[in-house]
Structure formats: C-alpha cells, structure tokens
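Listing of coords_32.pdb, PDB, C-alpha atoms
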ATOM      1  CA  MET A   1      15.288 -11.713 -24.744
ATOM      2  CA  GLU A   2      18.405 -12.876 -22.923
ATOM      3  CA  LYS A   3      19.696  -9.289 -22.767
ATOM      4  CA  PHE A   4      16.372  -8.126 -21.342
ATOM      5  CA  CYS A   5      16.407 -10.856 -18.690
ATOM      6  CA  ALA A   6      20.005  -9.966 -17.837
ATOM      7  CA  PHE A   7      18.995  -6.300 -17.517
ATOM      8  CA  LEU A   8      16.131  -7.182 -15.160
ATOM      9  CA  LYS A   9      18.454  -9.327 -13.084
ATOM     10  CA  ARG A  10      21.041  -6.546 -12.885
ATOM     11  CA  LYS A  11      18.351  -4.100 -11.796
ATOM     12  CA  ASN A  12      16.911  -6.558  -9.265
ATOM     13  CA  ILE A  13      13.503  -6.386 -10.948
ATOM     14  CA  VAL A  14      11.763  -9.631 -10.047
ATOM     15  CA  PHE A  15       8.214 -10.351 -11.181
ATOM     16  CA  SER A  16       6.957 -12.795  -8.583
ATOM     17  CA  ALA A  17       3.933 -13.353  -6.376
ATOM     18  CA  ARG A  18       6.169 -13.378  -3.304
ATOM     19  CA  ARG A  19       7.761  -9.995  -3.949
ATOM     20  CA  TYR A  20       4.505  -8.244  -4.881
ATOM     21  CA  GLY A  21       1.929 -10.191  -2.872
ATOM     22  CA  ILE A  22       3.921 -10.759   0.313
ATOM     23  CA  ASP A  23       6.933  -8.450   0.558
ATOM     24  CA  ALA A  24       5.337  -5.345  -0.977
ATOM     25  CA  LEU A  25       1.924  -5.753   0.672
ATOM     26  CA  GLY A  26       3.558  -6.432   4.034
ATOM     27  CA  ALA A  27       5.651  -3.272   3.711
ATOM     28  CA  MET A  28       2.580  -1.337   2.579
ATOM     29  CA  ALA A  29       0.849  -2.382   5.802
ATOM     30  CA  GLN A  30       3.827  -1.129   7.827
ATOM     31  CA  GLY A  31       3.636   2.212   6.024
ATOM     32  CA  LEU A  32      -0.076   2.275   6.794
ATOM     33  CA  PHE A  33       0.567   1.585  10.483
ATOM     34  CA  CYS A  34       3.240   4.272  10.703
ATOM     35  CA  SER A  35       0.985   6.968   9.249
ATOM     36  CA  LEU A  36      -2.780   6.528   9.026
ATOM     37  CA  LEU A  37      -3.340   4.086  11.875
ATOM     38  CA  ILE A  38      -1.037   5.628  14.488
ATOM     39  CA  GLY A  39      -2.252   9.050  13.380
ATOM     40  CA  THR A  40      -5.862   7.994  13.928
ATOM     41  CA  ILE A  41      -5.021   6.724  17.413
ATOM     42  CA  ILE A  42      -3.202   9.943  18.344
ATOM     43  CA  LYS A  43      -5.964  12.124  16.900
ATOM     44  CA  THR A  44      -8.623  10.150  18.760
ATOM     45  CA  LEU A  45      -6.693  10.571  22.011
ATOM     46  CA  GLY A  46      -6.437  14.291  21.354
ATOM     47  CA  THR A  47     -10.165  14.531  20.703
ATOM     48  CA  GLN A  48     -11.117  12.523  23.775
ATOM     49  CA  LEU A  49      -8.683  14.356  26.067
ATOM     50  CA  ASN A  50      -9.450  17.730  24.486
ATOM     51  CA  LEU A  51      -5.783  18.254  23.581
ATOM     52  CA  SER A  52      -5.643  20.100  20.277
ATOM     53  CA  TYR A  53      -1.920  19.575  19.711
ATOM     54  CA  LEU A  54      -2.401  15.790  19.803
ATOM     55  CA  SER A  55      -5.204  16.114  17.269
ATOM     56  CA  ASP A  56      -2.912  18.187  15.029
ATOM     57  CA  ILE A  57      -0.094  15.639  15.291
ATOM     58  CA  GLY A  58      -2.508  12.849  14.417
ATOM     59  CA  SER A  59      -3.813  14.786  11.414
ATOM     60  CA  TYR A  60      -0.269  15.329  10.109
ATOM     61  CA  ALA A  61       0.493  11.606  10.390
ATOM     62  CA  MET A  62      -2.764  10.655   8.664
ATOM     63  CA  ALA A  63      -2.101  13.102   5.814
ATOM     64  CA  VAL A  64       1.104  11.340   4.717
ATOM     65  CA  SER A  65      -0.346   7.828   4.457
ATOM     66  CA  GLY A  66       0.133   7.785   0.666
ATOM     67  CA  PRO A  67       3.837   8.755   0.713
ATOM     68  CA  ALA A  68       4.491   6.435   3.676
ATOM     69  CA  MET A  69       2.983   3.430   1.898
ATOM     70  CA  ALA A  70       4.762   4.290  -1.360
ATOM     71  CA  VAL A  71       8.172   4.533   0.302
ATOM     72  CA  ALA A  72       7.488   1.306   2.180
ATOM     73  CA  ILE A  73       6.607  -0.478  -1.070
ATOM     74  CA  GLY A  74       9.754   0.882  -2.721
ATOM     75  CA  TYR A  75      11.823  -0.354   0.219
ATOM     76  CA  ALA A  76      10.302  -3.827  -0.100
ATOM     77  CA  LEU A  77      11.071  -3.849  -3.831
ATOM     78  CA  LYS A  78      14.684  -2.961  -2.970
ATOM     79  CA  ALA A  79      14.627   0.368  -4.814
ATOM     80  CA  ASP A  80      17.771   2.500  -4.875
ATOM     81  CA  PRO A  81      17.809   5.524  -2.506
ATOM     82  CA  MET A  82      17.094   8.102  -5.239
ATOM     83  CA  VAL A  83      14.084   6.090  -6.408
ATOM     84  CA  LEU A  84      12.936   5.472  -2.848
ATOM     85  CA  PHE A  85      12.942   9.144  -1.888
ATOM     86  CA  SER A  86      11.227  10.155  -5.138
ATOM     87  CA  LEU A  87       8.386   7.758  -4.407
ATOM     88  CA  ALA A  88       7.125  10.084  -1.649
ATOM     89  CA  ALA A  89       5.724  12.489  -4.256
ATOM     90  CA  VAL A  90       4.431   9.610  -6.350
ATOM     91  CA  GLY A  91       2.714   8.078  -3.319
ATOM     92  CA  TRP A  92       0.955  11.354  -2.557
ATOM     93  CA  ALA A  93      -0.305  11.525  -6.154
ATOM     94  CA  ALA A  94      -1.351   7.853  -6.222
ATOM     95  CA  ASN A  95      -3.251   8.214  -2.956
ATOM     96  CA  ALA A  96      -4.938  11.414  -4.126
ATOM     97  CA  GLU A  97      -5.913   9.930  -7.487
ATOM     98  CA  GLY A  98      -6.898   6.414  -6.465
ATOM     99  CA  GLY A  99      -7.927   6.617  -2.816
ATOM    100  CA  ALA A 100      -6.987   3.777  -0.473
ATOM    101  CA  GLY A 101      -6.178   1.409  -3.346
ATOM    102  CA  GLY A 102      -4.125   3.994  -5.234
ATOM    103  CA  PRO A 103      -0.720   3.177  -3.687
ATOM    104  CA  LEU A 104      -0.891  -0.277  -5.323
ATOM    105  CA  ALA A 105       0.077   1.561  -8.530
ATOM    106  CA  VAL A 106       3.482   2.163  -6.930
ATOM    107  CA  LEU A 107       4.272  -1.519  -7.527
ATOM    108  CA  ILE A 108       4.698  -0.703 -11.224
ATOM    109  CA  ILE A 109       6.110   2.787 -10.769
ATOM    110  CA  ALA A 110       8.913   1.691  -8.443
ATOM    111  CA  GLU A 111      10.145  -0.796 -11.020
ATOM    112  CA  CYS A 112      10.256   1.962 -13.667
ATOM    113  CA  GLY A 113      12.456   4.051 -11.385
ATOM    114  CA  LYS A 114      14.751   1.115 -10.700
ATOM    115  CA  ALA A 115      15.143   0.554 -14.451
ATOM    116  CA  VAL A 116      16.716   3.989 -15.057
ATOM    117  CA  SER A 117      18.592   4.329 -11.773
ATOM    118  CA  LYS A 118      22.375   4.749 -12.144
ATOM    119  CA  GLU A 119      22.202   4.394 -15.930
ATOM    120  CA  THR A 120      23.474   7.909 -16.711
ATOM    121  CA  LYS A 121      26.161  10.289 -15.484
ATOM    122  CA  ILE A 122      23.484  12.742 -14.356
ATOM    123  CA  ASP A 123      21.652  10.228 -12.229
ATOM    124  CA  ILE A 124      20.810  12.848  -9.604
ATOM    125  CA  LEU A 125      18.546  14.510 -12.198
ATOM    126  CA  VAL A 126      17.429  11.578 -14.318
ATOM    127  CA  THR A 127      16.369   9.129 -11.613
ATOM    128  CA  PRO A 128      14.128  11.428  -9.535
ATOM    129  CA  GLY A 129      12.921  13.197 -12.685
ATOM    130  CA  VAL A 130      11.883  10.007 -14.439
ATOM    131  CA  THR A 131      10.478   8.438 -11.269
ATOM    132  CA  ILE A 132       8.316  11.456 -10.431
ATOM    133  CA  LEU A 133       7.262  12.372 -13.993
ATOM    134  CA  VAL A 134       6.494   8.821 -15.073
ATOM    135  CA  GLY A 135       5.221   7.939 -11.624
ATOM    136  CA  VAL A 136       2.690  10.757 -11.353
ATOM    137  CA  ALA A 137       1.612  10.231 -14.978
ATOM    138  CA  LEU A 138       1.066   6.527 -14.338
ATOM    139  CA  ALA A 139      -0.619   7.340 -11.024
ATOM    140  CA  LYS A 140      -3.108   9.563 -12.840
ATOM    141  CA  TRP A 141      -3.665   6.815 -15.396
ATOM    142  CA  ILE A 142      -3.762   3.586 -13.402
ATOM    143  CA  ALA A 143      -4.401   4.628  -9.787
ATOM    144  CA  PRO A 144      -8.051   5.699 -10.342
ATOM    145  CA  PRO A 145      -9.154   2.382 -11.935
ATOM    146  CA  ILE A 146      -7.195   0.372  -9.347
ATOM    147  CA  GLY A 147      -8.723   2.380  -6.514
ATOM    148  CA  THR A 148     -12.205   2.208  -8.071
ATOM    149  CA  ALA A 149     -11.976  -1.546  -8.632
ATOM    150  CA  ALA A 150     -10.735  -2.177  -5.099
ATOM    151  CA  GLY A 151     -13.423   0.087  -3.635
ATOM    152  CA  ALA A 152     -16.141  -1.557  -5.753
ATOM    153  CA  PHE A 153     -15.070  -5.013  -4.619
ATOM    154  CA  GLY A 154     -15.083  -3.853  -1.003
ATOM    155  CA  LEU A 155     -18.553  -2.335  -1.507
ATOM    156  CA  LEU A 156     -19.739  -5.631  -3.001
ATOM    157  CA  ILE A 157     -18.520  -7.483   0.077
ATOM    158  CA  ASP A 158     -20.157  -4.920   2.360
ATOM    159  CA  ASN A 159     -23.504  -5.112   0.511
ATOM    160  CA  ALA A 160     -23.401  -8.915   0.489
ATOM    161  CA  THR A 161     -22.739  -8.857   4.223
ATOM    162  CA  ARG A 162     -25.768  -6.630   4.736
ATOM    163  CA  LEU A 163     -27.958  -9.031   2.752
ATOM    164  CA  GLN A 164     -26.612 -12.156   4.447
ATOM    165  CA  PRO A 165     -25.017 -10.897   7.667
ATOM    166  CA  PHE A 166     -24.694 -14.311   9.322
ATOM    167  CA  TRP A 167     -23.072 -16.339   6.522
ATOM    168  CA  MET A 168     -21.118 -13.489   4.946
ATOM    169  CA  GLY A 169     -19.999 -12.337   8.385
ATOM    170  CA  ILE A 170     -18.570 -15.799   8.999
ATOM    171  CA  ALA A 171     -16.930 -15.867   5.559
ATOM    172  CA  VAL A 172     -15.331 -12.425   5.908
ATOM    173  CA  SER A 173     -14.114 -13.033   9.464
ATOM    174  CA  VAL A 174     -12.606 -16.412   8.555
ATOM    175  CA  LEU A 175     -10.908 -15.134   5.378
ATOM    176  CA  VAL A 176      -9.428 -12.081   7.090
ATOM    177  CA  GLY A 177      -8.413 -14.226  10.056
ATOM    178  CA  VAL A 178      -6.654 -16.641   7.709
ATOM    179  CA  ALA A 179      -4.957 -13.728   5.914
ATOM    180  CA  LEU A 180      -3.709 -12.561   9.315
ATOM    181  CA  THR A 181      -1.782 -15.804   9.783
ATOM    182  CA  LEU A 182      -0.356 -15.862   6.245
ATOM    183  CA  PRO A 183       2.668 -13.909   5.007
ATOM    184  CA  ILE A 184       0.318 -11.538   3.160
ATOM    185  CA  SER A 185      -0.976  -8.502   5.031
ATOM    186  CA  SER A 186      -4.606  -8.482   6.159
ATOM    187  CA  ALA A 187      -4.266  -4.805   7.146
ATOM    188  CA  ALA A 188      -3.178  -3.826   3.634
ATOM    189  CA  ILE A 189      -5.980  -5.882   2.081
ATOM    190  CA  CYS A 190      -8.674  -4.350   4.310
ATOM    191  CA  SER A 191      -7.294  -0.866   3.687
ATOM    192  CA  VAL A 192      -7.336  -1.342  -0.081
ATOM    193  CA  LEU A 193     -10.867  -2.796  -0.053
ATOM    194  CA  GLN A 194     -12.060  -0.076   2.339
ATOM    195  CA  LEU A 195     -14.089  -2.543   4.402
ATOM    196  CA  THR A 196     -16.518  -0.705   6.675
ATOM    197  CA  GLY A 197     -19.799  -1.364   8.437
ATOM    198  CA  LEU A 198     -20.791  -4.985   9.043
ATOM    199  CA  ALA A 199     -18.021  -6.309   6.798
ATOM    200  CA  GLY A 200     -15.434  -4.246   8.663
ATOM    201  CA  GLY A 201     -16.811  -5.486  11.969
ATOM    202  CA  ALA A 202     -16.642  -9.086  10.759
ATOM    203  CA  ALA A 203     -13.024  -8.530   9.696
ATOM    204  CA  VAL A 204     -12.191  -7.182  13.152
ATOM    205  CA  ALA A 205     -13.933 -10.159  14.768
ATOM    206  CA  GLY A 206     -11.910 -12.558  12.638
ATOM    207  CA  CYS A 207      -8.640 -10.850  13.573
ATOM    208  CA  CYS A 208      -9.552 -10.832  17.280
ATOM    209  CA  ALA A 209     -10.531 -14.501  17.200
ATOM    210  CA  GLN A 210      -7.206 -15.426  15.593
ATOM    211  CA  MET A 211      -5.231 -13.448  18.161
ATOM    212  CA  VAL A 212      -7.156 -14.985  21.076
ATOM    213  CA  GLY A 213      -6.525 -18.393  19.528
ATOM    214  CA  PHE A 214      -2.796 -17.705  19.378
TER
END
Step by step, read the file and then write its structure as structure tokens.
Amino acid sequence: MEKFCAFLKRKNIVFSARRYGIDALGAMAQGLFCSLLIGTIIKTLGTQLNLSYLSDIGSYAMAVSGPAMAVAIGYALKADPMVLFSLAAVGWAANAEGGAGGPLAVLIIAECGKAVSKETKIDILVTPGVTILVGVALAKWIAPPIGTAAGAFGLLIDNATRLQPFWMGIAVSVLVGVALTLPISSAAICSVLQLTGLAGGAAVAGCCAQMVGF
C-alpha cells in the first residue's frame, strides 16, 4: 500500500474533491468557453449579418468542444504533455459517446495516462498509445452512462420546473447563482446537465442577478 501511495505521489495523481470538483470543472468550463460558447456567438453573428465565413468559423469552434474540454481537464490535472495532447482524441470520443456530460469521463482517463507516462524508454509510443486506446475504450464504456445520468438529472430539473415554475425557478436560479460565486464552475454544471427551457432561463436569471449584485 505504501508503494502504491508513493507511486501516486510521484505521478501527481491526487484523489480530492478540490482537484476534481474545482480545478477540473473550472478548466472544463474554460474549454467550453473557448470552443462551444465562443463558436455559438460567432456563428450567431454570421447568421444575423449574413456572413457565411463567420458561420463556418463558429461551426468549426463548436465542433471541437469535446477535445477542448478534455485538454482543459488534463491541464487542470497536471498531465504530462504527451498525455495532454493525446486527450484531444479521447475528448472527441467521450463527447461523441456521452454527449455534454461525456467529457467528465476524462477525469479518470487522464489519470490513467499519467500513470504510464515516462515509465518506459519508448514513451513516445506507449504514452499516447495507452492514453488513446484505454481512453477511447473507457469513453465508450463510461461516457454513455455518465452522459445519460447527467442528461436525465437535467431533464428531471426541467420537468420539475415546468410543474412548479415559480418555486423551482427560484430554487434553480438561487443554486446556479450560488455556484457562480463558488470555486466550482456553474457553466460546466449547466453544460453537463443540459439545462434548457424554463430551467435554463431560471439559471440565466440567477447568474444575471448575482452579477448585478456584484
């Protein structure tokens, strides 16, 4: 057990709520901003201004949201460069398999890559090979249930908001507003839960209220 703990320490693999719930989710939100969100803004501008090249640029940015979030998560988990770059392919697979919640699977996959990094003399083959092979396999295995569970929970919130729009609207707006002021990322949470409709509107209202308050 001591050898295993020493190995984890040497590999900088830390199982903690801070690293996964704050650092990784915060980085995931930055990856989301730098791909899907900015891409949506650019594409919307292109559509409104009737500029096709802006729409194309926005579409390209939106298409790489999975890899962007995966690389951002790997960066937050302090993955070595070879692992970090390999996570682009894994992020694409995780996003394709699990939808918006799929990239959460990268939390586990990145640690697997870190475990084998620089352990052999042919690291340039082993590290990306293991990261991508194991990563895509795990993405196919765990990303769908993670994405489904996150989507189902978001749908539950949305349906509850439709049934009780006043009270649930208050609850959602307050909780998302509170998340906005905490080290965790409200953007990442809302993206994973795929909040839309009344629940999404309540989340936006909560964020706006917090910003006006600040």
Hey, what comes out of the PyMOL selection byres ((chain A and resi 128) around 12) on this file? Could you write it as a PDB file with C-alpha atoms, in the coordinates of the input?
ATOM      1  CA  ASP A  80      17.771   2.500  -4.875  1.00  0.00           C
ATOM      2  CA  PRO A  81      17.809   5.524  -2.506  1.00  0.00           C
ATOM      3  CA  MET A  82      17.094   8.102  -5.239  1.00  0.00           C
ATOM      4  CA  VAL A  83      14.084   6.090  -6.408  1.00  0.00           C
ATOM      5  CA  LEU A  84      12.936   5.472  -2.848  1.00  0.00           C
ATOM      6  CA  PHE A  85      12.942   9.144  -1.888  1.00  0.00           C
ATOM      7  CA  SER A  86      11.227  10.155  -5.138  1.00  0.00           C
ATOM      8  CA  LEU A  87       8.386   7.758  -4.407  1.00  0.00           C
ATOM      9  CA  ALA A  88       7.125  10.084  -1.649  1.00  0.00           C
ATOM     10  CA  ALA A  89       5.724  12.489  -4.256  1.00  0.00           C
ATOM     11  CA  VAL A  90       4.431   9.610  -6.350  1.00  0.00           C
ATOM     12  CA  ILE A 109       6.110   2.787 -10.769  1.00  0.00           C
ATOM     13  CA  ALA A 110       8.913   1.691  -8.443  1.00  0.00           C
ATOM     14  CA  CYS A 112      10.256   1.962 -13.667  1.00  0.00           C
ATOM     15  CA  GLY A 113      12.456   4.051 -11.385  1.00  0.00           C
ATOM     16  CA  LYS A 114      14.751   1.115 -10.700  1.00  0.00           C
ATOM     17  CA  ALA A 115      15.143   0.554 -14.451  1.00  0.00           C
ATOM     18  CA  VAL A 116      16.716   3.989 -15.057  1.00  0.00           C
ATOM     19  CA  SER A 117      18.592   4.329 -11.773  1.00  0.00           C
ATOM     20  CA  LYS A 118      22.375   4.749 -12.144  1.00  0.00           C
ATOM     21  CA  ILE A 122      23.484  12.742 -14.356  1.00  0.00           C
ATOM     22  CA  ASP A 123      21.652  10.228 -12.229  1.00  0.00           C
ATOM     23  CA  ILE A 124      20.810  12.848  -9.604  1.00  0.00           C
ATOM     24  CA  LEU A 125      18.546  14.510 -12.198  1.00  0.00           C
ATOM     25  CA  VAL A 126      17.429  11.578 -14.318  1.00  0.00           C
ATOM     26  CA  THR A 127      16.369   9.129 -11.613  1.00  0.00           C
ATOM     27  CA  GLY A 129      12.921  13.197 -12.685  1.00  0.00           C
ATOM     28  CA  VAL A 130      11.883  10.007 -14.439  1.00  0.00           C
ATOM     29  CA  THR A 131      10.478   8.438 -11.269  1.00  0.00           C
ATOM     30  CA  ILE A 132       8.316  11.456 -10.431  1.00  0.00           C
ATOM     31  CA  LEU A 133       7.262  12.372 -13.993  1.00  0.00           C
ATOM     32  CA  VAL A 134       6.494   8.821 -15.073  1.00  0.00           C
ATOM     33  CA  GLY A 135       5.221   7.939 -11.624  1.00  0.00           C
ATOM     34  CA  VAL A 136       2.690  10.757 -11.353  1.00  0.00           C
TER      35      VAL A 136
END
Closest of A:Ala152, A:Leu8, A:Gly177, A:Cys190 to Met211 (chain A), counting all atoms listed in the file, is A:Gly177
Write out as an NGL selection string each polymer residue whose atoms come within 7 Å of Gly206 (chain A), counting all atoms listed in the file; drop sequence neighbours fewer than 4 positions from it.
:A and (173-174 or 176-177 or 202 or 210)
Pick the closest to Ile142 (chain A) from A:Ile108, A:Leu163, A:Val172, A:Glu119: which is it, counting only C-alpha atoms?
A:Ile108
Starting from the shown file, work through the PyMOL selection byres ((chain A and resi 107) around 8) and note down what comes out as JSON, numbers by chain.
{"A": [20, 24, 73, 74, 103, 104, 105, 106, 108, 109, 110, 111]}
One number please: CA of Leu77 (chain A) to CA of Gly91 (chain A), in Å, one decimal.
14.6 Å
12 Å contact set for Ile41 (chain A), all atoms listed in the file, chain neighbours under 2 positions out, as a ChimeraX atom specification
/A:33-39,43-48,54-59,61-62
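Compared by their closest atoms to Gly31 (chain A), and using only C-alpha atoms, the residues A:Ala94, A:Leu198, A:Met69, A:Leu175 rank with A:Met69 nearest.
Separating CA of Val204 (chain A) from CA of Met168 (chain A) is a distance of 13.7 Å.
Atom pair CA of Met28 (chain A) / CA of Asn12 (chain A): separated by 19.3 Å.
The residue that comes closest to Tyr75 (chain A), out of A:Ala27, A:Leu51, A:Ile170, A:Ala93 and on the basis of only C-alpha atoms, is A:Ala27.
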Since I can't run it myself right now, could you work out what the PyMOL selection byres ((chain A and resi 161) around 10) selects here and report it as number ranges by chain?
A: 155-160, 162-172, 197-200, 202
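Proximity of A:Ile42, A:Met1, A:Leu49, A:Ala68 to Gln30 (chain A), computed with all atoms listed in the file, is greatest for A:Ala68.
Using all atoms listed in the file for every distance, the candidate list A:Ile146, A:Leu193, A:Ile22, A:Val14 yields A:Ile146 as the residue closest to Glu97 (chain A).
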